[in-house]
file start10.csv (CSV, C-alpha atoms)
chain,number,residue,atom,x,y,z
A,3,MET,CA,22.4,-24.1,24.1
A,4,THR,CA,22.3,-20.4,24.0
A,5,SER,CA,20.3,-18.1,21.8
A,6,ASP,CA,23.0,-15.5,21.6
A,7,SER,CA,24.0,-16.3,18.0
A,8,THR,CA,20.5,-17.0,16.8
A,9,ILE,CA,18.3,-14.0,17.4
A,10,ALA,CA,19.3,-10.5,16.6
A,11,LYS,CA,18.0,-8.1,19.3
A,12,GLU,CA,17.4,-5.5,16.6
A,13,LEU,CA,14.6,-7.6,15.4
A,14,PHE,CA,12.4,-6.5,18.3
A,15,SER,CA,12.6,-2.9,17.1
A,16,ALA,CA,10.1,-3.9,14.4
A,17,VAL,CA,7.6,-4.6,17.1
A,18,ILE,CA,8.4,-1.3,18.9
A,19,GLU,CA,8.0,0.6,15.6
A,20,TYR,CA,4.6,-1.1,15.1
A,21,CYS,CA,3.6,-0.1,18.7
A,22,GLU,CA,4.4,3.5,17.9
A,23,GLU,CA,2.2,3.3,14.8
A,24,LEU,CA,-0.6,1.8,16.9
A,25,GLU,CA,-0.2,4.6,19.5
A,26,SER,CA,-0.2,7.3,16.9
A,27,GLY,CA,-3.4,5.9,15.4
A,28,ARG,CA,-1.8,5.2,12.0
A,29,LYS,CA,-2.5,1.5,12.5
A,30,SER,CA,-5.3,-0.3,14.2
A,31,PRO,CA,-5.6,-3.9,15.5
A,32,GLU,CA,-8.5,-4.2,13.1
A,33,ASP,CA,-6.3,-3.6,10.0
A,34,GLY,CA,-5.9,-6.5,7.7
A,35,ILE,CA,-2.8,-8.7,7.9
A,36,GLY,CA,-0.9,-8.5,4.7
A,37,LYS,CA,2.4,-10.1,3.8
A,38,ASN,CA,4.2,-6.8,4.4
A,39,ASN,CA,2.7,-6.4,7.9
A,40,PRO,CA,5.6,-5.6,10.4
A,41,LEU,CA,4.4,-8.2,12.8
A,42,VAL,CA,4.4,-10.9,10.1
A,43,PHE,CA,7.8,-9.7,9.1
A,44,PHE,CA,8.9,-10.1,12.7
A,45,VAL,CA,7.5,-13.6,13.1
A,46,GLU,CA,9.0,-14.7,9.8
A,47,ASN,CA,12.4,-13.4,10.6
A,48,PHE,CA,12.3,-14.8,14.1
A,49,LEU,CA,11.4,-18.2,12.8
A,50,GLU,CA,14.3,-18.1,10.3
A,51,GLN,CA,16.8,-17.0,12.9
A,52,PHE,CA,15.5,-19.4,15.5
A,53,SER,CA,15.5,-22.4,13.2
A,54,SER,CA,19.0,-21.5,11.8
A,55,GLY,CA,20.5,-21.7,15.3
A,56,PHE,CA,18.3,-24.3,16.9
A,57,CYS,CA,16.6,-26.6,14.5
A,58,ARG,CA,18.2,-29.3,12.4
A,59,GLN,CA,17.3,-27.3,9.3
A,60,LYS,CA,16.5,-23.7,8.4
A,61,ILE,CA,12.8,-23.0,8.2
A,62,VAL,CA,11.8,-20.2,5.9
A,63,GLY,CA,8.3,-18.7,5.6
A,64,LEU,CA,5.1,-19.1,7.5
A,65,THR,CA,3.8,-22.0,5.5
A,66,ASP,CA,2.2,-25.5,5.9
A,67,ARG,CA,5.6,-27.0,5.2
A,68,SER,CA,7.2,-24.9,7.9
A,69,SER,CA,4.5,-26.0,10.3
A,70,ARG,CA,5.2,-29.7,9.6
A,71,GLN,CA,9.0,-29.1,10.1
A,72,LEU,CA,8.3,-27.4,13.4
A,73,ILE,CA,6.0,-30.3,14.5
A,74,ASN,CA,8.9,-32.6,13.9
A,75,GLU,CA,11.3,-30.5,15.9
A,76,ARG,CA,8.8,-30.3,18.8
A,77,ALA,CA,8.3,-34.1,18.7
A,78,ARG,CA,12.1,-34.5,19.0
A,79,LEU,CA,12.1,-32.3,22.2
A,80,GLU,CA,9.0,-34.1,23.5
A,81,ARG,CA,10.7,-37.5,23.2
A,82,LYS,CA,13.7,-36.2,25.2
A,83,SER,CA,11.4,-34.4,27.7
A,84,GLU,CA,13.5,-31.3,27.7
A,85,LEU,CA,13.2,-27.6,27.2
A,86,PRO,CA,9.5,-27.1,27.9
A,87,GLU,CA,9.5,-23.4,27.1
A,88,THR,CA,11.1,-24.1,23.8
A,89,GLN,CA,8.4,-26.7,23.0
A,90,ARG,CA,5.8,-24.1,23.8
A,91,LEU,CA,7.5,-21.5,21.6
A,92,ILE,CA,7.6,-24.0,18.7
A,93,TYR,CA,3.9,-24.7,19.3
A,94,GLN,CA,3.1,-21.0,19.0
A,95,LEU,CA,5.2,-20.8,15.8
A,96,GLU,CA,3.1,-23.7,14.4
A,97,GLN,CA,0.0,-21.7,15.2
A,98,MET,CA,1.5,-18.7,13.5
A,99,CYS,CA,2.2,-20.7,10.4
A,100,GLU,CA,-1.5,-21.8,10.3
A,101,GLN,CA,-2.9,-18.4,11.2
A,102,VAL,CA,-0.9,-16.0,9.1
A,103,GLU,CA,-1.5,-17.8,5.8
A,104,GLU,CA,-5.2,-18.0,6.5
A,105,ILE,CA,-5.6,-14.4,7.9
A,106,SER,CA,-3.6,-12.8,5.1
A,107,TYR,CA,-6.4,-13.8,2.7
A,108,SER,CA,-9.2,-12.9,5.0
A,109,THR,CA,-11.1,-9.6,4.9
A,110,SER,CA,-12.5,-10.2,8.4
A,111,GLU,CA,-11.7,-7.5,10.9
A,112,SER,CA,-12.3,-10.0,13.7
A,113,HIS,CA,-9.6,-12.3,12.3
A,114,ALA,CA,-7.2,-9.4,12.3
A,115,GLU,CA,-8.2,-8.4,15.8
A,116,ASP,CA,-7.7,-12.0,17.0
A,117,PHE,CA,-4.2,-12.0,15.6
A,118,HIS,CA,-3.3,-8.7,17.2
A,119,LEU,CA,-4.9,-9.2,20.5
A,120,GLN,CA,-4.6,-12.9,21.1
A,121,TYR,CA,-2.1,-14.7,19.0
A,122,PHE,CA,0.7,-12.2,18.7
A,123,PRO,CA,0.9,-11.2,22.4
A,124,TYR,CA,0.8,-14.8,23.4
A,125,PHE,CA,3.6,-15.5,20.9
A,126,LEU,CA,5.8,-12.7,22.3
A,127,ASP,CA,5.1,-14.1,25.7
A,128,ARG,CA,6.4,-17.5,24.6
A,129,VAL,CA,9.5,-15.8,23.1
A,130,VAL,CA,10.3,-14.2,26.4
A,131,GLY,CA,9.8,-17.5,28.2
A,132,TRP,CA,12.1,-19.3,25.8
A,133,LEU,CA,14.8,-16.6,26.2
A,134,GLU,CA,14.6,-17.1,29.9
A,135,GLU,CA,14.9,-20.8,29.6
A,136,VAL,CA,17.9,-20.7,27.4
A,137,GLU,CA,19.5,-18.0,29.6
A,138,ALA,CA,19.9,-15.5,26.8
A,139,GLU,CA,22.0,-12.4,27.1
A,140,ASP,CA,20.5,-9.7,29.2
A,141,ASP,CA,20.2,-7.2,26.5
A,142,LEU,CA,18.4,-9.6,24.2
A,143,LEU,CA,16.0,-10.6,27.0
A,144,ASP,CA,15.5,-6.9,27.9
A,145,ALA,CA,14.7,-6.1,24.2
A,146,ALA,CA,12.1,-9.0,24.1
A,147,THR,CA,10.6,-8.0,27.4
A,148,GLU,CA,10.4,-4.3,26.4
A,149,ALA,CA,8.7,-5.4,23.1
A,150,LEU,CA,6.2,-7.5,25.0
A,151,ASP,CA,5.4,-4.8,27.5
A,152,HIS,CA,5.2,-2.1,24.9
A,153,TYR,CA,3.0,-4.2,22.7
A,154,ASN,CA,0.6,-5.1,25.5
A,155,SER,CA,0.4,-1.5,26.5
A,156,SER,CA,-0.2,-0.3,22.9
A,157,VAL,CA,-3.1,-2.7,22.3
A,158,GLY,CA,-4.6,-2.2,25.8
A,159,LEU,CA,-3.8,-5.5,27.3
A,160,GLN,CA,-2.1,-4.0,30.4
B,28,MET,CA,4.9,-12.9,31.3
B,29,THR,CA,1.1,-13.3,30.8
B,30,ASP,CA,-0.6,-15.5,33.3
B,31,LEU,CA,-1.5,-18.8,31.8
B,32,PRO,CA,-4.5,-20.9,32.7
B,33,SER,CA,-4.2,-23.4,35.5
B,34,ASN,CA,-2.0,-26.4,34.8
B,35,SER,CA,-4.7,-28.9,35.6
B,36,ASN,CA,-5.5,-30.7,32.4
B,37,PRO,CA,-9.3,-31.5,32.4
B,38,PRO,CA,-10.2,-34.8,30.9
B,39,HIS,CA,-11.0,-34.6,27.3
B,40,PRO,CA,-13.5,-34.7,25.7
B,41,THR,CA,-16.2,-34.0,28.2
B,42,GLU,CA,-19.9,-34.4,27.2
B,43,ALA,CA,-20.2,-30.6,27.2
B,44,THR,CA,-17.2,-30.3,24.9
B,45,LYS,CA,-18.5,-32.9,22.5
B,46,GLU,CA,-21.9,-31.1,22.4
B,47,ILE,CA,-20.2,-27.7,21.7
B,48,VAL,CA,-18.2,-29.2,18.9
B,49,ARG,CA,-21.3,-30.9,17.4
B,50,VAL,CA,-23.0,-27.5,17.3
B,51,VAL,CA,-20.0,-25.9,15.7
B,52,GLU,CA,-19.9,-28.6,13.1
B,53,SER,CA,-23.6,-28.2,12.2
B,54,ASP,CA,-23.0,-24.5,12.0
B,55,HIS,CA,-20.0,-25.0,9.7
B,56,LYS,CA,-22.1,-27.3,7.5
B,57,ALA,CA,-24.9,-24.7,7.2
B,58,THR,CA,-22.3,-22.0,6.5
B,59,LEU,CA,-20.8,-24.0,3.6
B,60,GLU,CA,-24.2,-24.6,2.1
B,61,LEU,CA,-24.8,-20.8,2.3
B,62,ILE,CA,-21.5,-20.2,0.6
B,63,SER,CA,-22.4,-22.6,-2.2
B,64,ARG,CA,-25.8,-20.9,-2.7
B,65,LEU,CA,-24.2,-17.4,-2.7
B,66,ALA,CA,-21.5,-18.5,-5.1
B,67,THR,CA,-24.1,-20.0,-7.5
B,68,LEU,CA,-26.2,-16.8,-7.3
B,69,ARG,CA,-23.2,-14.6,-7.9
B,70,ALA,CA,-22.1,-16.7,-11.0
B,71,GLY,CA,-25.6,-16.5,-12.5
B,72,LEU,CA,-25.8,-12.7,-11.9
B,73,ARG,CA,-22.4,-12.2,-13.3
B,74,GLY,CA,-23.3,-14.1,-16.4
B,75,VAL,CA,-26.5,-12.2,-17.0
B,76,ILE,CA,-24.9,-8.7,-16.4
B,77,ILE,CA,-21.8,-9.4,-18.6
B,78,THR,CA,-24.0,-10.8,-21.4
B,79,LEU,CA,-26.4,-8.0,-21.2
B,80,ALA,CA,-23.7,-5.3,-21.1
B,81,SER,CA,-21.9,-6.9,-24.0
B,82,THR,CA,-25.1,-7.1,-26.0
B,83,VAL,CA,-26.1,-3.5,-25.3
B,84,LEU,CA,-22.7,-2.3,-26.2
B,85,GLY,CA,-22.6,-4.3,-29.5
B,86,LEU,CA,-26.2,-3.2,-30.4
B,87,ALA,CA,-25.4,0.5,-29.6
B,88,ILE,CA,-22.4,0.4,-31.9
B,89,ALA,CA,-24.1,-1.6,-34.7
B,90,GLN,CA,-27.1,0.7,-34.6
B,91,SER,CA,-25.1,3.9,-33.9
B,92,SER,CA,-27.6,4.5,-31.2
B,93,TRP,CA,-26.5,6.6,-28.3
B,94,PRO,CA,-29.8,6.1,-26.3
B,95,ILE,CA,-29.1,2.3,-26.3
B,96,ALA,CA,-25.5,2.9,-25.1
B,97,ALA,CA,-26.8,5.3,-22.4
B,98,PHE,CA,-29.4,2.8,-21.3
B,99,GLY,CA,-26.6,0.2,-20.7
B,100,VAL,CA,-24.8,2.4,-18.1
B,101,PRO,CA,-27.4,2.2,-15.3
B,102,VAL,CA,-27.9,-1.5,-16.1
B,103,VAL,CA,-24.2,-2.2,-15.5
B,104,VAL,CA,-24.0,0.0,-12.4
B,105,ALA,CA,-27.0,-1.8,-10.9
B,106,GLY,CA,-25.4,-5.1,-11.8
B,107,TYR,CA,-22.2,-4.0,-10.1
B,108,PHE,CA,-23.9,-3.1,-6.9
B,109,ALA,CA,-25.8,-6.4,-6.8
B,110,GLU,CA,-22.7,-8.4,-7.4
B,111,ALA,CA,-20.6,-6.4,-4.9
B,112,ARG,CA,-23.3,-7.0,-2.3
B,113,LEU,CA,-23.3,-10.7,-3.0
B,114,GLU,CA,-19.5,-10.8,-3.1
B,115,PHE,CA,-19.3,-9.1,0.3
B,116,LEU,CA,-21.8,-11.5,1.8
B,117,LEU,CA,-19.8,-14.4,0.4
B,118,ARG,CA,-16.6,-13.1,2.0
B,119,LEU,CA,-18.4,-12.7,5.3
B,120,ALA,CA,-19.7,-16.3,5.1
B,121,HIS,CA,-16.2,-17.5,4.1
B,122,ASP,CA,-14.6,-15.7,7.1
B,123,ARG,CA,-17.3,-17.3,9.3
B,124,ALA,CA,-16.4,-20.7,7.9
B,125,VAL,CA,-12.7,-20.1,8.6
B,126,THR,CA,-13.5,-19.0,12.2
B,127,LEU,CA,-15.6,-22.2,12.8
B,128,GLU,CA,-12.8,-24.4,11.3
B,129,ARG,CA,-10.4,-22.8,13.6
B,130,LYS,CA,-12.5,-23.7,16.6
B,131,VAL,CA,-12.7,-27.4,15.5
B,132,GLN,CA,-9.0,-27.4,14.9
B,133,ALA,CA,-8.4,-26.0,18.4
B,134,TYR,CA,-10.5,-28.9,19.7
B,135,LEU,CA,-8.5,-31.4,17.8
B,136,SER,CA,-5.2,-29.9,19.0
B,137,ALA,CA,-6.5,-30.1,22.6
B,138,LEU,CA,-7.3,-33.7,22.0
B,139,VAL,CA,-4.0,-34.6,20.4
B,140,GLU,CA,-1.4,-32.6,22.2
B,141,THR,CA,0.3,-34.0,25.3
B,142,GLY,CA,3.0,-32.8,27.6
B,143,VAL,CA,3.8,-29.2,28.3
B,144,VAL,CA,2.0,-28.0,25.1
B,145,ARG,CA,-1.3,-29.5,26.2
B,146,GLN,CA,-1.9,-26.6,28.5
B,147,ASP,CA,-1.5,-24.1,25.7
B,148,ALA,CA,-3.8,-26.1,23.4
B,149,ASP,CA,-6.5,-26.3,26.1
B,150,ALA,CA,-6.2,-22.6,26.7
B,151,ALA,CA,-6.6,-21.9,23.0
B,152,PHE,CA,-9.6,-24.2,22.7
B,153,GLN,CA,-11.3,-22.6,25.8
B,154,ARG,CA,-10.7,-19.2,24.2
B,155,GLU,CA,-12.3,-20.4,20.9
B,156,VAL,CA,-15.3,-21.8,22.8
B,157,LYS,CA,-15.8,-18.6,24.7
B,158,THR,CA,-15.8,-16.4,21.6
B,159,TYR,CA,-18.2,-18.7,19.8
B,160,GLN,CA,-21.6,-17.4,18.7
B,161,PHE,CA,-24.1,-19.7,17.0
B,162,GLY,CA,-25.6,-18.9,13.6
B,163,THR,CA,-24.3,-17.5,10.4
B,164,SER,CA,-27.2,-15.1,9.8
B,165,ARG,CA,-26.0,-12.7,12.5
B,166,SER,CA,-22.6,-12.5,10.8
B,167,LEU,CA,-24.3,-11.5,7.5
B,168,ARG,CA,-26.6,-9.0,9.0
B,169,GLY,CA,-26.6,-5.5,7.5
B,170,PRO,CA,-23.3,-5.2,5.5
B,171,SER,CA,-22.8,-1.4,5.1
B,172,ILE,CA,-22.7,0.1,1.6
B,173,ARG,CA,-19.5,1.9,2.4
B,174,LYS,CA,-17.7,-1.4,3.3
B,175,THR,CA,-19.3,-3.2,0.4
B,176,ILE,CA,-17.8,-0.6,-2.0
B,177,GLU,CA,-14.4,-0.5,-0.2
B,178,LYS,CA,-14.0,-4.2,-0.4
B,179,SER,CA,-15.1,-4.4,-4.0
B,180,VAL,CA,-12.3,-2.1,-5.1
B,181,ARG,CA,-9.9,-5.0,-4.9
B,182,ASP,CA,-12.1,-7.3,-6.9
B,183,VAL,CA,-11.2,-7.8,-10.6
B,184,MET,CA,-14.9,-7.9,-11.6
B,185,THR,CA,-15.4,-4.4,-10.3
B,186,TRP,CA,-12.9,-3.2,-12.9
B,187,VAL,CA,-14.6,-5.2,-15.6
B,188,TYR,CA,-17.8,-3.3,-14.8
B,189,VAL,CA,-15.9,0.0,-14.7
B,190,ALA,CA,-14.6,-0.9,-18.2
B,191,PHE,CA,-18.1,-1.5,-19.5
B,192,VAL,CA,-19.4,1.7,-18.0
B,193,ILE,CA,-16.5,3.6,-19.7
B,194,ALA,CA,-17.1,1.8,-23.0
B,195,LEU,CA,-20.8,2.5,-23.0
B,196,THR,CA,-20.4,6.1,-21.9
B,197,VAL,CA,-17.7,6.8,-24.5
B,198,SER,CA,-19.8,5.0,-27.2
B,199,ALA,CA,-22.8,7.1,-26.3
B,200,ALA,CA,-20.8,10.3,-26.4
B,201,ILE,CA,-19.1,9.5,-29.8
B,202,ILE,CA,-22.3,8.3,-31.5
B,203,GLY,CA,-24.2,11.3,-30.1
B,204,TYR,CA,-21.6,13.8,-31.2
B,205,ARG,CA,-21.3,12.3,-34.7
B,206,GLN,CA,-25.1,12.5,-35.2
B,207,LEU,CA,-25.2,16.1,-34.1
B,208,ALA,CA,-22.2,17.1,-36.2
B,209,ALA,CA,-23.2,15.2,-39.4
B,210,PRO,CA,-26.8,13.8,-39.9
B,211,PRO,CA,-26.9,10.2,-40.9
B,212,LYS,CA,-26.6,9.3,-44.5
B,213,VAL,CA,-29.9,8.0,-45.9
B,214,TYR,CA,-30.1,5.6,-48.9
B,215,CYS,CA,-33.2,6.0,-51.1
B,216,VAL,CA,-34.7,4.0,-53.9
B,217,GLU,CA,-35.7,5.8,-57.1
B,218,ALA,CA,-39.4,5.1,-57.7
B,219,GLY,CA,-40.0,2.9,-60.7
B,220,THR,CA,-36.3,2.2,-61.4
B,221,GLY,CA,-35.3,0.6,-58.1
B,222,ILE,CA,-31.9,2.2,-58.3
B,223,LEU,CA,-30.2,2.6,-55.0
B,224,GLU,CA,-28.9,6.1,-54.5
B,225,SER,CA,-27.1,7.8,-51.7
B,226,ARG,CA,-28.4,11.2,-50.9
B,227,GLU,CA,-28.2,13.6,-47.9
B,228,ILE,CA,-31.8,13.6,-46.8
B,229,PRO,CA,-32.7,15.3,-43.5
B,230,THR,CA,-34.2,12.8,-41.1
B,231,ALA,CA,-34.9,12.5,-37.4
B,232,ARG,CA,-34.0,8.8,-37.4
B,233,THR,CA,-31.2,7.9,-35.1
B,234,GLY,CA,-30.0,4.8,-37.0
B,235,SER,CA,-27.0,5.1,-39.3
B,236,VAL,CA,-28.8,3.6,-42.4
B,237,SER,CA,-32.3,3.9,-43.5
B,238,LEU,CA,-34.0,3.1,-46.8
B,239,VAL,CA,-36.7,5.5,-48.0
B,240,PRO,CA,-38.2,6.4,-51.3
B,241,CYS,CA,-36.2,9.2,-53.0
B,242,PRO,CA,-38.0,12.6,-52.9
B,243,PRO,CA,-39.0,13.9,-56.3
B,244,PRO,CA,-36.2,15.8,-58.0
B,245,ALA,CA,-36.4,19.6,-57.8
B,246,THR,CA,-37.5,21.1,-61.1
B,247,ALA,CA,-35.1,23.6,-62.6
B,248,PRO,CA,-36.5,27.1,-63.0
B,249,VAL,CA,-37.4,28.0,-66.6
B,250,LEU,CA,-35.6,31.2,-67.7
B,251,PRO,CA,-37.0,33.5,-70.4
B,252,ASP,CA,-35.1,33.4,-73.7
B,253,SER,CA,-32.4,36.0,-73.9
B,254,PRO,CA,-30.3,37.3,-76.8
B,255,ALA,CA,-26.9,35.8,-77.2
B,256,PRO,CA,-24.2,38.1,-75.9
B,257,LYS,CA,-22.4,40.0,-78.6
B,258,LEU,CA,-18.8,39.2,-79.2
B,259,ASN,CA,-16.5,41.9,-80.1

call {"tool": "encode", "arguments": {"input": "start10.csv", "output": "structure tokens"}}
result
Amino acid sequence: MTSDSTIAKELFSAVIEYCEELESGRKSPEDGIGKNNPLVFFVENFLEQFSSGFCRQKIVGLTDRSSRQLINERARLERKSELPETQRLIYQLEQMCEQVEEISYSTSESHAEDFHLQYFPYFLDRVVGWLEEVEAEDDLLDAATEALDHYNSSVGLQ
Amino acid sequence: MTDLPSNSNPPHPTEATKEIVRVVESDHKATLELISRLATLRAGLRGVIITLASTVLGLAIAQSSWPIAAFGVPVVVAGYFAEARLEFLLRLAHDRAVTLERKVQAYLSALVETGVVRQDADAAFQREVKTYQFGTSRSLRGPSIRKTIEKSVRDVMTWVYVAFVIALTVSAAIIGYRQLAAPPKVYCVEAGTGILESREIPTARTGSVSLVPCPPPATAPVLPDSPAPKLN
């Protein structure tokens, strides 16, 4: 399996743009997570592209239903004991489905901070791990690694 | 890639882990009770303020009384601040409940997950445990006025209160202007006959209608007899 046809490398530019907004001070990790948040946009599109190319059915939106579909996909891989990094990526996507729905209604700054400083960088980390596992094209892996490094640097995790 | 925690899966659940989860559960229960009390208090306050504001507005219009309408404005503003404060506390408590639920969920995931994902689930649970602080009171401590107002802007009830303030202010202004421009019409009763008449009688009363005895009619001046004009 390759990820070449599933994930568009341009998708990672959404993360880079968000990093630039963080660096310029226009955005802050404490800002609430709305449905039009660029990082939520990134995760939603990533899930759609990932599921289109990899899962048995296309999974749209970060919802409870999507979470259940992802759990089934992960269970399938677990039974075959294959693609550990893919299983870990799916697990993080499940977490995203649970978190984003919940956080988007929250007014808590600490919830937004948790998303920006814990969940999202961990998710990006799993994306890079998955791309390495499936031996993705170099430019796609480079785009993902650059997004991860840039993001970690923007939020002060490096 | 980010360094992950060690791959050694500790046996779950340990006694310490169970104790932590018990504390989180009791904290969550207390938070839900607090949410229930705050919600009840907010509903009661909302009912009182809306009823009071409606009554004051209706009374002011019926009585054409600008002081009553003006009195309603600070009442509604005070009601808005009280409710906005309660609403803010309620949201903080709700966020707190969500945070605690997330910790218990992380614990359950760490119990349930197996294989390669177990490591991530354990790491997530450890992270949740380390960021845990007992007690809801500290989360509700000293909500700032600025944040209270900022958050209330998105609340529908805020705009209901704004509508009441506008209605009361406009009512007071219109009633006051009318009374200044044209004194209220006063009905009077003719002494002896009981006939109701409408006359313009100067009065300091602010109400639109009042019933007073008619003043005695002004007597016409008696003119001396004069010769009839000559006609040519």

call {"tool": "interface_residues", "arguments": {"input": "start10.csv", "of": "chain B", "to": "chain A", "cutoff": "12 Å", "atoms": "only C-alpha atoms", "output": "short mmCIF file (atom, residue, chain, number, x, y, z; two decimals) with C-alpha atoms, keeping the file's coordinate frame"}}
result
data_model
loop_
_atom_site.label_atom_id
_atom_site.label_comp_id
_atom_site.auth_asym_id
_atom_site.auth_seq_id
_atom_site.Cartn_x
_atom_site.Cartn_y
_atom_site.Cartn_z
CA MET B 28 4.90 -12.90 31.30
CA THR B 29 1.10 -13.30 30.80
CA ASP B 30 -0.60 -15.50 33.30
CA LEU B 31 -1.50 -18.80 31.80
CA GLU B 114 -19.50 -10.80 -3.10
CA PHE B 115 -19.30 -9.10 0.30
CA LEU B 116 -21.80 -11.50 1.80
CA LEU B 117 -19.80 -14.40 0.40
CA ARG B 118 -16.60 -13.10 2.00
CA LEU B 119 -18.40 -12.70 5.30
CA ALA B 120 -19.70 -16.30 5.10
CA HIS B 121 -16.20 -17.50 4.10
CA ASP B 122 -14.60 -15.70 7.10
CA ARG B 123 -17.30 -17.30 9.30
CA ALA B 124 -16.40 -20.70 7.90
CA VAL B 125 -12.70 -20.10 8.60
CA THR B 126 -13.50 -19.00 12.20
CA LEU B 127 -15.60 -22.20 12.80
CA GLU B 128 -12.80 -24.40 11.30
CA ARG B 129 -10.40 -22.80 13.60
CA GLN B 132 -9.00 -27.40 14.90
CA ALA B 133 -8.40 -26.00 18.40
CA SER B 136 -5.20 -29.90 19.00
CA GLU B 140 -1.40 -32.60 22.20
CA THR B 141 0.30 -34.00 25.30
CA GLY B 142 3.00 -32.80 27.60
CA VAL B 143 3.80 -29.20 28.30
CA VAL B 144 2.00 -28.00 25.10
CA ARG B 145 -1.30 -29.50 26.20
CA GLN B 146 -1.90 -26.60 28.50
CA ASP B 147 -1.50 -24.10 25.70
CA ALA B 148 -3.80 -26.10 23.40
CA ALA B 150 -6.20 -22.60 26.70
CA ALA B 151 -6.60 -21.90 23.00
CA ARG B 154 -10.70 -19.20 24.20
CA GLU B 155 -12.30 -20.40 20.90
CA THR B 158 -15.80 -16.40 21.60
CA SER B 166 -22.60 -12.50 10.80
CA LEU B 167 -24.30 -11.50 7.50
CA LYS B 174 -17.70 -1.40 3.30
CA THR B 175 -19.30 -3.20 0.40
CA GLU B 177 -14.40 -0.50 -0.20
CA LYS B 178 -14.00 -4.20 -0.40
CA SER B 179 -15.10 -4.40 -4.00
CA ARG B 181 -9.90 -5.00 -4.90
#

call {"tool": "closest_residue", "arguments": {"input": "start10.csv", "among": "A:Phe117, A:Phe14, A:Phe48, A:Tyr20", "to": "Val62 in chain A", "atoms": "only C-alpha atoms"}}
result
A:Phe48

call {"tool": "atom_distance", "arguments": {"input": "start10.csv", "atom1": "CA of Leu61 in chain B", "atom2": "CA of Ser164 in chain B"}}
result
9.7 Å

call {"tool": "closest_residue", "arguments": {"input": "start10.csv", "among": "B:Leu86, B:Ala80, B:Val48, B:Leu207", "to": "Phe191 in chain B", "atoms": "only C-alpha atoms"}}
result
B:Ala80

call {"tool": "atom_distance", "arguments": {"input": "start10.csv", "atom1": "CA of Ala145 in chain A", "atom2": "CA of Gln59 in chain A"}}
result
26.0 Å

call {"tool": "closest_residue", "arguments": {"input": "start10.csv", "among": "A:Glu12, A:Glu23, A:Glu148, A:Asp33", "to": "His118 in chain A", "atoms": "all atoms listed in the file"}}
result
A:Asp33

call {"tool": "closest_residue", "arguments": {"input": "start10.csv", "among": "A:Ser155, A:Ile73, A:Leu41, A:Phe56", "to": "Val136 in chain A", "atoms": "only C-alpha atoms"}}
result
A:Phe56

call {"tool": "residues_around", "arguments": {"input": "start10.csv", "residues": "range 102-104 of chain B", "least_positions_apart": "2", "cutoff": "12 Å", "atoms": "only C-alpha atoms", "output": "mmCIF file with C-alpha atoms, keeping the file's coordinate frame"}}
result
data_model
loop_
_atom_site.group_PDB
_atom_site.id
_atom_site.type_symbol
_atom_site.label_atom_id
_atom_site.label_comp_id
_atom_site.auth_asym_id
_atom_site.auth_seq_id
_atom_site.Cartn_x
_atom_site.Cartn_y
_atom_site.Cartn_z
ATOM 1 C CA LEU B 72 -25.800 -12.700 -11.900
ATOM 2 C CA ARG B 73 -22.400 -12.200 -13.300
ATOM 3 C CA GLY B 74 -23.300 -14.100 -16.400
ATOM 4 C CA VAL B 75 -26.500 -12.200 -17.000
ATOM 5 C CA ILE B 76 -24.900 -8.700 -16.400
ATOM 6 C CA ILE B 77 -21.800 -9.400 -18.600
ATOM 7 C CA THR B 78 -24.000 -10.800 -21.400
ATOM 8 C CA LEU B 79 -26.400 -8.000 -21.200
ATOM 9 C CA ALA B 80 -23.700 -5.300 -21.100
ATOM 10 C CA SER B 81 -21.900 -6.900 -24.000
ATOM 11 C CA THR B 82 -25.100 -7.100 -26.000
ATOM 12 C CA VAL B 83 -26.100 -3.500 -25.300
ATOM 13 C CA LEU B 84 -22.700 -2.300 -26.200
ATOM 14 C CA ILE B 95 -29.100 2.300 -26.300
ATOM 15 C CA ALA B 96 -25.500 2.900 -25.100
ATOM 16 C CA ALA B 97 -26.800 5.300 -22.400
ATOM 17 C CA PHE B 98 -29.400 2.800 -21.300
ATOM 18 C CA GLY B 99 -26.600 0.200 -20.700
ATOM 19 C CA VAL B 100 -24.800 2.400 -18.100
ATOM 20 C CA GLY B 106 -25.400 -5.100 -11.800
ATOM 21 C CA TYR B 107 -22.200 -4.000 -10.100
ATOM 22 C CA PHE B 108 -23.900 -3.100 -6.900
ATOM 23 C CA ALA B 109 -25.800 -6.400 -6.800
ATOM 24 C CA GLU B 110 -22.700 -8.400 -7.400
ATOM 25 C CA ALA B 111 -20.600 -6.400 -4.900
ATOM 26 C CA MET B 184 -14.900 -7.900 -11.600
ATOM 27 C CA THR B 185 -15.400 -4.400 -10.300
ATOM 28 C CA TRP B 186 -12.900 -3.200 -12.900
ATOM 29 C CA VAL B 187 -14.600 -5.200 -15.600
ATOM 30 C CA TYR B 188 -17.800 -3.300 -14.800
ATOM 31 C CA VAL B 189 -15.900 0.000 -14.700
ATOM 32 C CA ALA B 190 -14.600 -0.900 -18.200
ATOM 33 C CA PHE B 191 -18.100 -1.500 -19.500
ATOM 34 C CA VAL B 192 -19.400 1.700 -18.000
ATOM 35 C CA ILE B 193 -16.500 3.600 -19.700
ATOM 36 C CA ALA B 194 -17.100 1.800 -23.000
ATOM 37 C CA LEU B 195 -20.800 2.500 -23.000
ATOM 38 C CA THR B 196 -20.400 6.100 -21.900
#

call {"tool": "atom_distance", "arguments": {"input": "start10.csv", "atom1": "CA of Ala138 in chain A", "atom2": "CA of Thr65 in chain A"}}
result
27.5 Å

call {"tool": "closest_residue", "arguments": {"input": "start10.csv", "among": "B:Arg112, B:Arg49, B:Lys157, B:Arg205", "to": "Ile176 in chain B", "atoms": "all atoms listed in the file"}}
result
B:Arg112
